[in-house]
Amino acid sequence: MAVNRIVVVGCGSIGQRHARLLARRPGIRIELCDTNADCVAEAITTIGERKCFNGFSDVVESRPDAVVIATPHAQHADQVIEALKAGIHVLCEKPMSDTLADAQRMVDAARRSPCILDFGFTLHFHPGLNRLKEIIVSGELGNIVHINCRVGTYATLTSSRTQHQAGLKGALLFDYVHQPDVIYWLTKVEPTGVYMSAALAGELPLRSNPNVADILLDYDVSLRASIHLNYVQAPQRHEYEVAGDRGWAILDMEANLLRIGHRDDAKVITEQFEVVRDQLFVAEHQTFLDAVEKRRAPESPVETAIVSMRVVDAAMRSWQSGTRQLVRC
């Protein structure tokens with residue numbers, strides 16, 4: 001089916017980005033939904049006058065072809081399930097939800113529905129990460145033994161419109177659920193156990209508990225991974241390092257620079273990328289529309305999106321218990 005009408009639900013910063021970019025697509029009518037009139041008004045100043053809804057049930061009753069869900073995490077599950085039951089295709093922002101139980105409800109609903117449910121893991125469309133994946137899959141680095149991800153960003157707190165991180169325990173993990181998702185996307189191997197050490201540290205004006213976290217992932221195969229996250233560093237850092245038994249690669253997402261080292265000749269090759277953030281969303285929208293029109297499978301269906309939720313769930317349990325926790329399947 002062709003998609004002619006999409007309602008963007010949630011007009012915060014990400015919702016407005018979706019609305020702005022989707023509004024540029026010819027042949028698609030964009031409408032808005034948010035209970036916050038100020039957010040709607042701000043969106044309209046960017047994309048022009050649009051039909052607006054105050055409540056999600058009104059959106060569902062109007063039967064759009066698709067919805068983009070960009071509401072707070074805790075609302076995702078109920079809204080996604082309601083839309084699928086009504087026969088509406090869904091692109092939902094990450095994370096799937098704020099609990100693994102709700103994420104599983106979304107899996108069950110998606111399996112019962114003929115509609116497309118895709119999730120907004122935009123990093124799948126990043127040219128540097130795609131090049132890194134290409135190198136791993138080709139075998140150029142040999143057997144991958146370790147992957148490390150690092151994100152340090154005080155800017156997430158300073159740019160947050162709602163400041164929801166201050167009151168949401170574990171917000172750091174939900175904001176950066178991208179990282180466990182990317183590790184799985186690169187390797188296609190699910191971890192078996194997770195250990196997280198985390199703290200509320202520093203004397204910054206904006207804080208969230210925790211604001212520093214180190215997560216260790218172990219596997220049944222000879223692979224280990226680690227993720228460092230913090231709401232402290234400025235300027236922001238965002239990096240990925242992959243070590244194999246034939247070589248290594250380090251991707252600096254802020255400098256858009258990839259370094260590749262080879263064991264055999266001791267050479268280090270450098271590659272530079274040009275990245276426009278809007279283009280990641282444009283590519284995400286295109287793959288979603290292609291999936292609805294049956295030209296391809298969803299990029300991030302429930303079966304893969306839930307892996308990152310399983311990691312977050314285990315990490316939160318580990319933080320609370322102080323012990324390694326098994327990943328629930």
# chains A, B, ... in the order shown; residues from 1 in each chain; ligands from 1
>>> residues_around(residues="Arg310 (chain A)", least_positions_apart="3", cutoff="6 Å", atoms="only C-alpha atoms", output="list in words")
Val307, Asp313 and Val327 of chain A
>>> closest_atom_pairs(of="region 66-156 of chain A", to="region 52-56 of chain A", cutoff="12 Å", atoms="only C-alpha atoms", output="Markdown table")
| residue | atom | partner | partner_atom | distance |
| --- | --- | --- | --- | --- |
| A:Val67 | CA | A:Phe56 | CA | 10.1 |
| A:Val68 | CA | A:Phe56 | CA | 11.5 |
| A:Ile69 | CA | A:Phe56 | CA | 10.0 |
| A:Ala70 | CA | A:Phe56 | CA | 11.9 |
| A:Thr71 | CA | A:Phe56 | CA | 10.4 |
| A:Gln75 | CA | A:Phe56 | CA | 10.3 |
| A:His76 | CA | A:Phe56 | CA | 11.2 |
| A:Asp78 | CA | A:Phe56 | CA | 10.1 |
| A:Gln79 | CA | A:Phe56 | CA | 7.3 |
| A:Val80 | CA | A:Phe56 | CA | 10.3 |
| A:Ile81 | CA | A:Phe56 | CA | 11.8 |
| A:Glu82 | CA | A:Phe56 | CA | 9.1 |
| A:Ala83 | CA | A:Phe56 | CA | 9.1 |
>>> residues_around(residues="Lys267 (chain A)", least_positions_apart="3", cutoff="12 Å", atoms="only C-alpha atoms", output="MDAnalysis selection string")
chainID A and resid 246:249 259:264 270
>>> closest_residue(among="A:Gly87, A:Pro95, A:Pro180, A:Pro26", to="Asp65 (chain A)", atoms="only C-alpha atoms")
A:Gly87
>>> select_by_dssp(residues="region 225-303 of chain A", states="helix (DSSP H, G or I)", output="PyMOL selection string")
chain A and resi 277-292+302-303
